[in-house]
Amino acid sequence: MHKSHNSLNIQLLHTDFSELNDSWNYDNVFSPFSRIYLITKGEGWVWHSNKKYCLKPNHLYLIPKFTLSRYRCDQYLSQFYIHFLSEPDDKPEVFEAFSFQYEVEASPLDYELFDRLLKLNPEKNLKATNPKDYDNRSNLLSFNQPYETQNPQGFLESKGILLQLFSRFIVNSSPEKEKDIKLNHKIGSTVSHIHKNLKEKLTVEELAERVFLSPDYFSKCFMEVMGIRPIDYINNKRLERAQLLLTTTGKSMQEIAEEIGIPNLSYFSRLFKRKFGIPPARFRTQKWAI
């Protein structure tokens with residue numbers, strides 16, 4: 001199997017420059033997209049991944065998707081921002097494939113890259129800074145494709161810039177860590193199969209049989225490579241897909257439950273609440289921040 005960095009699948013959603021004040025103050029934010037900030041002036045803070053990050057000028061920040069986050073500015077904050085999607089389809093999820101740091105010092109080149117990205121994408125700014133003033137669930141996935149007025153050269157250059165900025169946060173791992181995060185052929189094939197078939201019945205026995213391993217040995221290999229049991233990984237992927245569908249479609253709870261392979265609505269709701277702390281219906285009403 002090719003290394004994960006040969007198949008990164010991230011798509012630009014929004015980008016712009018924004019000046020914020022003390023109205024930028026949001027709690028309990030869940031977003032189906034990830035963010036990159038380049039702070040230029042002022043100060044604020046973001047809380048995610050069980051840590052508070054003080055937003056400082058001349059620094060880049062990464063906020064992964066579907067993390068419980070808080071945002072605050074007490075006076076003034078100016079920043080470049082990027083929102084991007086990383087729905088993996090049949091590829092390993094990018095946030096599982098690498099180790100990350102979430103704050104790095106910016107270079108002069110980073111400013112140039114943001115300037116160029118904005119020039120290439122003048123229509124991809126977010127139309128409102130207050131999440132209570134907009135609801136882009138219905139058209140979120142449409143941004144997964146370049147808008148019609150952008151030529152192929154501009155689209156490819158934009159994606160290259162996004163990848164370059166995203167790469168700032170990846171931590172170079174030791175050979176031991178590389179061994180842990182690298183998917184071998186059999187487990188990589190299994191991960192692709194899971195992502196393609198979340199709607200279907202998936203059992204450890206069936207997955208092991210596909211790659212010609214005994215169930216016990218397959219589970220051990222999967223745990224060593226992925227750091228999680230196969231059945232837990234399947235449930236996590238199903239619930240993450242449910243998060244995406246809840247925030248980007250108007251499908252009913254039953255339709256979503258069936259689409260992710262958990263057709264029992266009551267069981268789906270219990271699993272969702274156990275993992276994320278709130279039931280899916282309440283999750284759907286959560287707002288996002290810029």
# chains A, B, ... in the order shown; residues from 1 in each chain; ligands from 1
>>> residues_around(residues="Lys41 (chain A)", least_positions_apart="5", cutoff="9 Å", atoms="only C-alpha atoms", output="MDAnalysis selection string")
chainID A and resid 56:58 76:79
>>> atom_distance(atom1="CA of Glu209 (chain A)", atom2="CA of Ser189 (chain A)")
12.2 Å
>>> residues_around(residues="region 120-127 of chain A", least_positions_apart="3", cutoff="6 Å", atoms="only C-alpha atoms", output="list in words")
His14, Thr15, Asp16 and Leu117 of chain A
>>> atom_distance(atom1="CA of Ile170 (chain A)", atom2="CA of Tyr26 (chain A)")
27.2 Å
>>> closest_residue(among="A:Tyr81, A:Tyr71, A:Tyr102, A:Tyr61", to="Trp24 (chain A)", atoms="only C-alpha atoms")
A:Tyr71
>>> closest_residue(among="A:Ile161, A:Ile10, A:Leu156, A:Ile39", to="Phe95 (chain A)", atoms="only C-alpha atoms")
A:Ile10
>>> closest_residue(among="A:Glu200, A:Ser99, A:Pro32, A:Phe169", to="Thr249 (chain A)", atoms="only C-alpha atoms")
A:Pro32
>>> residues_around(residues="region 239-241 of chain A", least_positions_apart="5", cutoff="12 Å", atoms="only C-alpha atoms", output="ChimeraX atom specification")
/A:30-33,65-67,86-89,93,194-199,232-234,246-249,256-262,267-276,279-280,283
>>> closest_residue(among="A:Leu165, A:Thr40, A:Asp115, A:Leu12", to="Leu62 (chain A)", atoms="only C-alpha atoms")
A:Leu165
>>> closest_residue(among="A:Val225, A:Ala208, A:Leu113, A:Ala281", to="Lys159 (chain A)", atoms="only C-alpha atoms")
A:Leu113
>>> atom_distance(atom1="CA of Glu205 (chain A)", atom2="CA of Lys220 (chain A)")
13.0 Å
>>> closest_residue(among="A:Glu43, A:Met223, A:Leu20, A:Lys201", to="Pro263 (chain A)", atoms="only C-alpha atoms")
A:Lys201
